[in-house]
file input_12.pdb (PDB, C-alpha atoms)
ATOM      1  CA  MET A 777       1.185 -12.982 -12.864
ATOM      2  CA  LYS A 778       3.989 -13.756 -15.301
ATOM      3  CA  LYS A 779       7.192 -15.016 -13.655
ATOM      4  CA  ILE A 780      10.178 -12.803 -14.413
ATOM      5  CA  ASN A 781      13.792 -13.948 -14.645
ATOM      6  CA  PHE A 782      15.464 -11.026 -12.884
ATOM      7  CA  THR A 783      18.977 -12.232 -13.774
ATOM      8  CA  LYS A 784      18.341 -11.162 -17.382
ATOM      9  CA  GLU A 785      17.085  -7.677 -16.456
ATOM     10  CA  THR A 786      19.212  -4.544 -16.726
ATOM     11  CA  ASP A 787      20.305  -2.681 -13.605
ATOM     12  CA  VAL A 788      17.903   0.127 -14.520
ATOM     13  CA  ASN A 789      14.970  -2.310 -14.667
ATOM     14  CA  LEU A 790      16.035  -3.987 -11.413
ATOM     15  CA  HIS A 791      16.032  -0.561  -9.776
ATOM     16  CA  LYS A 792      12.531   0.130 -11.171
ATOM     17  CA  TYR A 793      11.195  -3.201  -9.911
ATOM     18  CA  LEU A 794      12.618  -2.590  -6.430
ATOM     19  CA  LYS A 795      11.172   0.910  -6.367
ATOM     20  CA  ASN A 796       7.748  -0.224  -7.602
ATOM     21  CA  TYR A 797       7.615  -3.036  -5.030
ATOM     22  CA  CYS A 798       8.566  -0.536  -2.281
ATOM     23  CA  LEU A 799      11.697  -2.563  -1.511
ATOM     24  CA  ASP A 800      15.059  -1.161  -0.440
ATOM     25  CA  VAL A 801      17.513  -0.692  -3.295
ATOM     26  CA  PRO A 802      20.791  -2.370  -2.254
ATOM     27  CA  THR A 803      23.714  -0.103  -3.127
ATOM     28  CA  ASP A 804      27.412  -0.072  -2.359
ATOM     29  CA  GLU A 805      29.270   2.834  -0.763
ATOM     30  CA  LYS A 806      29.475   4.568  -4.174
ATOM     31  CA  GLY A 807      25.709   4.339  -4.689
ATOM     32  CA  LYS A 808      25.925   1.620  -7.367
ATOM     33  CA  LEU A 809      23.283  -1.124  -7.391
ATOM     34  CA  ILE A 810      24.426  -4.430  -5.858
ATOM     35  CA  ARG A 811      23.065  -6.635  -8.614
ATOM     36  CA  GLY A 812      23.250 -10.047  -6.893
ATOM     37  CA  GLU A 813      21.439  -8.827  -3.803
ATOM     38  CA  ALA A 814      18.813  -7.037  -5.916
ATOM     39  CA  VAL A 815      18.120 -10.205  -7.931
ATOM     40  CA  ARG A 816      17.836 -12.322  -4.740
ATOM     41  CA  THR A 817      15.498  -9.787  -3.115
ATOM     42  CA  LEU A 818      13.264  -9.521  -6.185
ATOM     43  CA  SER A 819      13.181 -13.281  -6.763
ATOM     44  CA  SER A 820      12.135 -14.003  -3.181
ATOM     45  CA  TYR A 821       9.587 -11.194  -3.270
ATOM     46  CA  GLN A 822       8.171 -12.531  -6.526
ATOM     47  CA  GLU A 823       7.519 -15.822  -4.728
ATOM     48  CA  LEU A 824       5.509 -13.920  -2.124
ATOM     49  CA  LEU A 825       3.553 -12.186  -4.886
ATOM     50  CA  ALA A 826       2.600 -15.551  -6.361
ATOM     51  CA  ASN A 827       0.076 -15.678  -3.528
ATOM     52  CA  GLU A 828      -3.075 -13.847  -4.681
ATOM     53  CA  GLU A 829      -3.313 -12.031  -1.350
ATOM     54  CA  ASP A 830      -0.111 -10.126  -2.169
ATOM     55  CA  ARG A 831      -1.226  -9.050  -5.616
ATOM     56  CA  ARG A 832      -0.614  -5.335  -6.125
ATOM     57  CA  VAL A 833      -3.510  -2.901  -6.344
ATOM     58  CA  LYS A 834      -3.687   0.808  -7.093
ATOM     59  CA  VAL A 835      -5.756   2.524  -4.394
ATOM     60  CA  ILE A 836      -6.726   5.976  -3.197
ATOM     61  CA  PHE A 837      -7.289   6.554   0.525
ATOM     62  CA  HIS A 838      -9.860   9.227   1.344
ATOM     63  CA  LYS A 839      -9.906  11.695   4.238
ATOM     64  CA  THR A 840     -12.834  11.233   6.609
ATOM     65  CA  GLY A 841     -13.021  14.749   7.997
ATOM     66  CA  ASP A 842     -11.621  13.632  11.342
ATOM     67  CA  PRO A 843      -9.622  16.612  12.689
ATOM     68  CA  THR A 844      -7.047  14.263  14.246
ATOM     69  CA  GLN A 845      -6.164  12.753  10.857
ATOM     70  CA  GLY A 846      -2.768  13.736   9.529
ATOM     71  CA  ALA A 847      -1.620  13.948   5.921
ATOM     72  CA  TYR A 848      -0.926  10.206   5.678
ATOM     73  CA  VAL A 849      -2.379   6.796   6.405
ATOM     74  CA  PHE A 850       0.036   4.737   8.502
ATOM     75  CA  ILE A 851      -0.310   0.964   8.154
ATOM     76  CA  GLY A 852       2.003  -1.731   9.486
ATOM     77  CA  HIS A 853       1.956  -5.253   8.069
ATOM     78  CA  ASN A 854       4.440  -8.123   8.535
ATOM     79  CA  GLY A 855       7.060  -5.826  10.011
ATOM     80  CA  ILE A 856       6.869  -3.250   7.216
ATOM     81  CA  GLY A 857       5.428   0.212   7.755
ATOM     82  CA  TYR A 858       3.615   2.080   4.998
ATOM     83  CA  GLN A 859       3.067   5.843   4.925
ATOM     84  CA  ILE A 860       0.427   6.509   2.274
ATOM     85  CA  PRO A 861      -0.705  10.017   1.305
ATOM     86  CA  PHE A 862      -4.421  10.741   1.257
ATOM     87  CA  ASP A 863      -6.204  11.457  -2.038
ATOM     88  CA  LYS A 864      -3.346  10.223  -4.265
ATOM     89  CA  GLU A 865      -3.085   6.991  -6.237
ATOM     90  CA  PHE A 866      -0.722   4.531  -4.554
ATOM     91  CA  VAL A 867       0.266   0.924  -5.359
ATOM     92  CA  LEU A 868       0.171  -1.514  -2.424
ATOM     93  CA  PRO A 869      -0.024  -5.261  -1.812
ATOM     94  CA  MET A 870      -3.611  -6.415  -1.337
ATOM     95  CA  SER A 871      -2.666  -7.796   2.099
ATOM     96  CA  VAL A 872      -1.840  -4.229   3.250
ATOM     97  CA  VAL A 873      -5.168  -2.953   1.929
ATOM     98  CA  LYS A 874      -6.902  -5.718   3.901
ATOM     99  CA  VAL A 875      -5.248  -4.371   7.066
ATOM    100  CA  ALA A 876      -6.966  -1.050   6.326
ATOM    101  CA  ASP A 877     -10.277  -2.955   6.205
ATOM    102  CA  ASP A 878      -9.689  -4.154   9.757
ATOM    103  CA  ALA A 879      -8.978  -0.628  11.042
ATOM    104  CA  ARG A 880     -12.416   0.442  12.234
ATOM    105  CA  VAL A 881     -13.688   3.014  14.678
ATOM    106  CA  THR A 882     -16.934   3.083  16.609
ATOM    107  CA  THR A 883     -18.585   6.411  17.302
ATOM    108  CA  PHE A 884     -21.474   7.031  19.650
ATOM    109  CA  LYS A 885     -24.221   9.588  19.274
ATOM    110  CA  GLN A 886     -26.732  10.590  21.891
ATOM    111  CA  SER A 887     -30.109  10.046  20.298
ATOM    112  CA  ALA A 888     -32.744  10.521  22.993
ATOM    113  CA  ARG A 889     -33.739  10.019  26.575
ATOM    114  CA  SER A 890     -35.606   6.874  27.442
ATOM    115  CA  THR A 891     -38.889   6.973  29.323
ATOM    116  CA  LEU A 892     -36.875   6.238  32.473
ATOM    117  CA  GLY A 893     -34.760   9.352  31.931
ATOM    118  CA  ASP A 894     -31.664   7.469  30.758
ATOM    119  CA  ILE A 895     -29.686   8.826  27.816
ATOM    120  CA  VAL A 896     -29.736   6.469  24.850
ATOM    121  CA  HIS A 897     -26.700   6.226  22.591
ATOM    122  CA  ASP A 898     -26.595   4.872  19.068
ATOM    123  CA  SER A 899     -23.291   3.424  17.889
ATOM    124  CA  PHE A 900     -21.921   3.551  14.359
ATOM    125  CA  GLU A 901     -18.940   1.561  13.093
ATOM    126  CA  HIS A 902     -17.034   2.757  10.040
ATOM    127  CA  LYS A 903     -13.638   2.349   8.377
ATOM    128  CA  LEU A 904     -10.862   4.448   9.813
ATOM    129  CA  TYR A 905      -9.200   4.555   6.375
ATOM    130  CA  PRO A 906     -11.824   4.433   3.604
ATOM    131  CA  TYR A 907     -10.363   3.760   0.170
ATOM    132  CA  THR A 908     -11.198   3.053  -3.436
ATOM    133  CA  ILE A 909      -9.438   0.355  -5.472
ATOM    134  CA  ILE A 910      -8.602   1.845  -8.868
ATOM    135  CA  GLU A 911      -7.199  -1.284 -10.508
ATOM    136  CA  PHE A 912      -5.313  -4.508  -9.947
ATOM    137  CA  MET A 913      -1.732  -4.205 -11.129
ATOM    138  CA  ASP A 914       0.339  -6.680 -13.096
ATOM    139  CA  THR A 915       4.111  -6.476 -13.190
ATOM    140  CA  GLU A 916       4.053  -5.075 -16.731
ATOM    141  CA  ASP A 917       1.682  -2.275 -15.625
ATOM    142  CA  MET A 918       3.991  -1.384 -12.753
ATOM    143  CA  MET A 919       7.026  -1.172 -15.015
ATOM    144  CA  SER A 920       5.235   1.156 -17.434
ATOM    145  CA  MET A 921       4.275   3.334 -14.451
ATOM    146  CA  GLY A 922       7.949   3.669 -13.609
ATOM    147  CA  ASP A 923       8.655   4.891 -17.159
ATOM    148  CA  GLU A 924       6.002   7.596 -16.833
ATOM    149  CA  ASP A 925       7.462   8.742 -13.506
ATOM    150  CA  GLU A 926      10.922   9.184 -15.007
ATOM    151  CA  SER A 927       9.665  11.085 -18.052
ATOM    152  CA  SER A 928       7.857  13.589 -15.836
ATOM    153  CA  ASN A 929      11.044  14.426 -13.896
TER     154      ASN A 929
END
call {"tool": "encode", "arguments": {"input": "input_12.pdb", "output": "structure tokens"}}
result
Amino acid sequence: MKKINFTKETDVNLHKYLKNYCLDVPTDEKGKLIRGEAVRTLSSYQELLANEEDRRVKVIFHKTGDPTQGAYVFIGHNGIGYQIPFDKEFVLPMSVVKVADDARVTTFKQSARSTLGDIVHDSFEHKLYPYTIIEFMDTEDMMSMGDEDESSN
């Protein structure tokens, strides 16, 4: 990933980066971007992204047919909560997607009675939040996504 000097970016681009990284946009009481804080936040976050595990990916989470499933996937990682809609493309850090890999459920199904009359159960383990990775994102890709979002509004 190409290192970006955020001090040279415009306020509009800083806002887009913060939004695309799912970071809070620091604003003053009038709603204006606090530039220094935004640059510090983005610079420190960029250092985290230098680690391959935190590379951004575009994913789609799929519904499993479980009647208890809501409209969103809820994942917590490193003190940050993510609410991700099902069946829509969403950009996340790879480390958050790996948390979804660890969320598994075991179901049991009665298969037969043994010769002793005992009920035999088969168990099946599957992902609680199945997903598909669409693509790995680079910073330039994420910025162009932000442009498309604004033009559609």
call {"tool": "residues_around", "arguments": {"input": "input_12.pdb", "residues": "Phe912 of chain A", "least_positions_apart": "2", "cutoff": "10 Å", "atoms": "all atoms listed in the file", "output": "JSON list (two decimals) with C-alpha atoms, in the coordinates of the input"}}
result
[["chain", "number", "residue", "atom", "x", "y", "z"],
["A", 831, "ARG", "CA", -1.23, -9.05, -5.62],
["A", 832, "ARG", "CA", -0.61, -5.34, -6.12],
["A", 833, "VAL", "CA", -3.51, -2.90, -6.34],
["A", 834, "LYS", "CA", -3.69, 0.81, -7.09],
["A", 835, "VAL", "CA", -5.76, 2.52, -4.39],
["A", 867, "VAL", "CA", 0.27, 0.92, -5.36],
["A", 868, "LEU", "CA", 0.17, -1.51, -2.42],
["A", 869, "PRO", "CA", -0.02, -5.26, -1.81],
["A", 870, "MET", "CA", -3.61, -6.42, -1.34],
["A", 909, "ILE", "CA", -9.44, 0.36, -5.47],
["A", 910, "ILE", "CA", -8.60, 1.84, -8.87],
["A", 914, "ASP", "CA", 0.34, -6.68, -13.10],
["A", 917, "ASP", "CA", 1.68, -2.28, -15.62]]
call {"tool": "atom_distance", "arguments": {"input": "input_12.pdb", "atom1": "atom CA of Gly855 of chain A", "atom2": "atom CA of Met913 of chain A"}}
result
23.0 Å
call {"tool": "atom_distance", "arguments": {"input": "input_12.pdb", "atom1": "atom CA of Lys779 of chain A", "atom2": "atom CA of Val873 of chain A"}}
result
23.3 Å
call {"tool": "atom_distance", "arguments": {"input": "input_12.pdb", "atom1": "atom CA of Ser899 of chain A", "atom2": "atom CA of Phe850 of chain A"}}
result
25.2 Å
call {"tool": "axis_aligned_box", "arguments": {"input": "input_12.pdb", "around": "segment 881-887 of chain A", "padding_each_side": "8 Å", "output": "lines of an AutoDock Vina configuration file"}}
result
center_x = -21.9
center_y = 6.8
center_z = 18.3
size_x = 32.4
size_y = 23.6
size_z = 23.2
call {"tool": "closest_residue", "arguments": {"input": "input_12.pdb", "among": "A:Glu901, A:Glu823, A:Glu805, A:Glu785", "to": "Val881 of chain A", "atoms": "only C-alpha atoms"}}
result
A:Glu901
call {"tool": "closest_residue", "arguments": {"input": "input_12.pdb", "among": "A:Val896, A:Ile851, A:Leu794, A:Val815", "to": "Asp878 of chain A", "atoms": "all atoms listed in the file"}}
result
A:Ile851
call {"tool": "resolve_selection", "arguments": {"input": "input_12.pdb", "expression": "the PyMOL selection byres ((chain A and resi 838) around 12)", "output": "short mmCIF file (atom, residue, chain, number, x, y, z; two decimals) with C-alpha atoms, keeping the file's coordinate frame"}}
result
data_model
loop_
_atom_site.label_atom_id
_atom_site.label_comp_id
_atom_site.auth_asym_id
_atom_site.auth_seq_id
_atom_site.Cartn_x
_atom_site.Cartn_y
_atom_site.Cartn_z
CA VAL A 835 -5.76 2.52 -4.39
CA ILE A 836 -6.73 5.98 -3.20
CA PHE A 837 -7.29 6.55 0.52
CA LYS A 839 -9.91 11.70 4.24
CA THR A 840 -12.83 11.23 6.61
CA GLY A 841 -13.02 14.75 8.00
CA ASP A 842 -11.62 13.63 11.34
CA GLN A 845 -6.16 12.75 10.86
CA GLY A 846 -2.77 13.74 9.53
CA ALA A 847 -1.62 13.95 5.92
CA TYR A 848 -0.93 10.21 5.68
CA VAL A 849 -2.38 6.80 6.40
CA ILE A 860 0.43 6.51 2.27
CA PRO A 861 -0.70 10.02 1.30
CA PHE A 862 -4.42 10.74 1.26
CA ASP A 863 -6.20 11.46 -2.04
CA LYS A 864 -3.35 10.22 -4.26
CA GLU A 865 -3.08 6.99 -6.24
CA PHE A 866 -0.72 4.53 -4.55
CA ALA A 876 -6.97 -1.05 6.33
CA LYS A 903 -13.64 2.35 8.38
CA LEU A 904 -10.86 4.45 9.81
CA TYR A 905 -9.20 4.56 6.38
CA PRO A 906 -11.82 4.43 3.60
CA TYR A 907 -10.36 3.76 0.17
CA THR A 908 -11.20 3.05 -3.44
CA ILE A 909 -9.44 0.36 -5.47
#
call {"tool": "residues_near_point", "arguments": {"input": "input_12.pdb", "point": "(10.9, -3.2, -1.1)", "cutoff": "12 Å", "atoms": "all atoms listed in the file", "output": "PyMOL selection string"}}
result
chain A and resi 790-802+814+817-822+856-858+868-869
call {"tool": "residues_near_point", "arguments": {"input": "input_12.pdb", "point": "(-21.5, 6.1, 20.8)", "cutoff": "8 Å", "atoms": "all atoms listed in the file", "output": "ChimeraX atom specification"}}
result
/A:882-886,897-900
call {"tool": "closest_residue", "arguments": {"input": "input_12.pdb", "among": "A:Ser871, A:Asn854, A:Thr783, A:Gln859", "to": "Arg811 of chain A", "atoms": "only C-alpha atoms"}}
result
A:Thr783
